[in-house]
Amino acid sequence: LRKDVVDMIYKSTEGHIPSALCIIDIIYVLYKRVLKFNPKNPEWDGRDYFILSKGHGCAALYSVLAHFGFFSKDELKTYCKLNSILGGHPDRNKIPGVEATTGSLGHGLPIGLGIALAMKILNKPNKVVVLIGDGESNEGTIWESAQIAKNMSLDNLIVIIDRNKSQAYSFDYDYRKIWDSFGWDAEEMDGHNHKEIEEKLKMILNSNSKLPKVVVANTIKGKG
């Protein structure tokens, strides 16, 4: 999968290699071991929802979706080329398996919050997992969503923070402490250890807590 990411971006001369490589373990384990989905029927009502809010890391998502059969791996060769379904940010209207069009930072979590609320209203068990960046966490919509999700007891919403400690305009924070102060169940994990990712996410998904959940994934930008 890492080779696919590097190959796609090198050949197209477009995209973000480091941002994709630091999240690819998380996304792979989610689809391999955690999420419920059907690649033959991406709109299956029983699926869990995954939203990549840090859309610039989309090459990782594309490689994983192709690996699990949402579309042909041959599509990866067209990445960022004219008329390709695979652009520099994920497009909900073009790509099977993509739940939200993202790219403008801070938008994916509010969308995920809306889906989680809809599942509650419909009394459905589907989970919603949103992956955000640490730099993205400077967006106000992240914290507005955090506050609303706690107030509405959206225990079906799980946020994963890609804490690669590399962002353009700010500093690293104790994200677990901050989210805990917003009333979320906060955990931490090694974002590259597959066993730990699987165990931590399954524990969170199966928790009896009525609070929304967040897990801070410590990652290395450009891992591998």
# chains A, B, ... in the order shown; residues from 1 in each chain; ligands from 1
>>> select_by_dssp(residues="segment 91-159 of chain A", states="strand (DSSP E or B)", output="number ranges by chain")
A: 128-133, 157-159
>>> residues_around(residues="segment 9-11 of chain A", least_positions_apart="4", cutoff="9 Å", atoms="only C-alpha atoms", output="PyMOL selection string")
chain A and resi 4-5+15-17+59+77+79-80
>>> residues_around(residues="Met189 of chain A", least_positions_apart="5", cutoff="7 Å", atoms="only C-alpha atoms", output="PDB file with all heavy atoms, in the first residue's frame")
ATOM      1  N   GLU A 196      -1.960  -2.887  18.207  1.00  0.00           N
ATOM      2  CA  GLU A 196      -2.456  -1.885  19.148  1.00  0.00           C
ATOM      3  C   GLU A 196      -3.608  -1.086  18.556  1.00  0.00           C
ATOM      4  O   GLU A 196      -4.593  -0.779  19.244  1.00  0.00           O
ATOM      5  CB  GLU A 196      -1.317  -0.938  19.557  1.00  0.00           C
ATOM      6  CG  GLU A 196      -1.709   0.046  20.655  1.00  0.00           C
ATOM      7  CD  GLU A 196      -0.536   0.884  21.135  1.00  0.00           C
ATOM      8  OE1 GLU A 196       0.630   0.457  20.955  1.00  0.00           O
ATOM      9  OE2 GLU A 196      -0.789   1.967  21.695  1.00  0.00           O
ATOM     10  N   ILE A 197      -3.519  -0.743  17.260  1.00  0.00           N
ATOM     11  CA  ILE A 197      -4.605  -0.012  16.594  1.00  0.00           C
ATOM     12  C   ILE A 197      -5.892  -0.834  16.652  1.00  0.00           C
ATOM     13  O   ILE A 197      -6.957  -0.328  17.023  1.00  0.00           O
ATOM     14  CB  ILE A 197      -4.249   0.302  15.127  1.00  0.00           C
ATOM     15  CG1 ILE A 197      -3.059   1.270  15.044  1.00  0.00           C
ATOM     16  CG2 ILE A 197      -5.455   0.897  14.394  1.00  0.00           C
ATOM     17  CD1 ILE A 197      -2.476   1.399  13.652  1.00  0.00           C
ATOM     18  N   VAL A 215      -9.374   8.986  19.963  1.00  0.00           N
ATOM     19  CA  VAL A 215      -8.099   8.323  20.215  1.00  0.00           C
ATOM     20  C   VAL A 215      -7.006   9.115  19.504  1.00  0.00           C
ATOM     21  O   VAL A 215      -7.116   9.419  18.321  1.00  0.00           O
ATOM     22  CB  VAL A 215      -8.110   6.844  19.791  1.00  0.00           C
ATOM     23  CG1 VAL A 215      -8.480   6.669  18.335  1.00  0.00           C
ATOM     24  CG2 VAL A 215      -6.768   6.194  20.071  1.00  0.00           C
ATOM     25  N   VAL A 216      -5.991   9.488  20.268  1.00  0.00           N
ATOM     26  CA  VAL A 216      -4.848  10.232  19.722  1.00  0.00           C
ATOM     27  C   VAL A 216      -3.859   9.201  19.191  1.00  0.00           C
ATOM     28  O   VAL A 216      -3.325   8.388  19.938  1.00  0.00           O
ATOM     29  CB  VAL A 216      -4.190  11.099  20.813  1.00  0.00           C
ATOM     30  CG1 VAL A 216      -2.992  11.855  20.218  1.00  0.00           C
ATOM     31  CG2 VAL A 216      -5.202  12.059  21.417  1.00  0.00           C
ATOM     32  N   ALA A 217      -3.630   9.217  17.875  1.00  0.00           N
ATOM     33  CA  ALA A 217      -2.706   8.286  17.235  1.00  0.00           C
ATOM     34  C   ALA A 217      -1.361   8.970  17.038  1.00  0.00           C
ATOM     35  O   ALA A 217      -1.248   9.917  16.246  1.00  0.00           O
ATOM     36  CB  ALA A 217      -3.269   7.813  15.897  1.00  0.00           C
ATOM     37  N   ASN A 218      -0.349   8.524  17.758  1.00  0.00           N
ATOM     38  CA  ASN A 218       0.988   9.088  17.611  1.00  0.00           C
ATOM     39  C   ASN A 218       1.634   8.468  16.376  1.00  0.00           C
ATOM     40  O   ASN A 218       1.808   7.251  16.297  1.00  0.00           O
ATOM     41  CB  ASN A 218       1.817   8.798  18.864  1.00  0.00           C
ATOM     42  CG  ASN A 218       1.289   9.532  20.077  1.00  0.00           C
ATOM     43  OD1 ASN A 218       1.212  10.747  20.093  1.00  0.00           O
ATOM     44  ND2 ASN A 218       0.868   8.786  21.106  1.00  0.00           N
TER      45      ASN A 218
END
>>> residues_around(residues="segment 156-169 of chain A", least_positions_apart="3", cutoff="7 Å", atoms="only C-alpha atoms", output="PyMOL selection string")
chain A and resi 23+113+116+127-135+172+212-221
>>> write_last_selection(atoms="C-alpha atoms", output="PDB file, in the first residue's frame")
ATOM      1  CA  ILE A  23      -2.131   7.466   8.309  1.00  0.00           C
ATOM      2  CA  LEU A 113     -21.342  14.484  13.512  1.00  0.00           C
ATOM      3  CA  ALA A 116     -23.886  10.130  13.771  1.00  0.00           C
ATOM      4  CA  LYS A 127     -20.638   3.739  13.853  1.00  0.00           C
ATOM      5  CA  VAL A 128     -19.005   6.869  12.426  1.00  0.00           C
ATOM      6  CA  VAL A 129     -15.201   7.167  12.447  1.00  0.00           C
ATOM      7  CA  VAL A 130     -13.553  10.469  11.480  1.00  0.00           C
ATOM      8  CA  LEU A 131      -9.801  10.876  11.023  1.00  0.00           C
ATOM      9  CA  ILE A 132      -8.533  14.422  11.564  1.00  0.00           C
ATOM     10  CA  GLY A 133      -5.066  15.966  11.577  1.00  0.00           C
ATOM     11  CA  ASP A 134      -3.312  17.728  14.442  1.00  0.00           C
ATOM     12  CA  GLY A 135      -2.879  20.841  12.299  1.00  0.00           C
ATOM     13  CA  ASP A 172       1.998  20.312  19.388  1.00  0.00           C
ATOM     14  CA  PRO A 212     -18.257  10.250  22.114  1.00  0.00           C
ATOM     15  CA  LYS A 213     -14.765   8.786  21.810  1.00  0.00           C
ATOM     16  CA  VAL A 214     -11.424  10.089  20.609  1.00  0.00           C
ATOM     17  CA  VAL A 215      -8.099   8.323  20.215  1.00  0.00           C
ATOM     18  CA  VAL A 216      -4.848  10.232  19.722  1.00  0.00           C
ATOM     19  CA  ALA A 217      -2.706   8.286  17.235  1.00  0.00           C
ATOM     20  CA  ASN A 218       0.988   9.088  17.611  1.00  0.00           C
ATOM     21  CA  THR A 219       2.446   8.836  14.114  1.00  0.00           C
ATOM     22  CA  ILE A 220       5.577   9.658  12.139  1.00  0.00           C
ATOM     23  CA  LYS A 221       5.102  11.876   9.100  1.00  0.00           C
TER      24      LYS A 221
END
>>> residues_around(residues="Lys210 of chain A", least_positions_apart="4", cutoff="10 Å", atoms="only C-alpha atoms", output="number ranges by chain")
A: 150, 152-156, 184-185
>>> select_by_dssp(residues="segment 10-223 of chain A", states="alpha helix (DSSP H)", output="ChimeraX atom specification")
/A:10-12,17-21,24-29,58-67,108-121,140-151,175-181,194-205
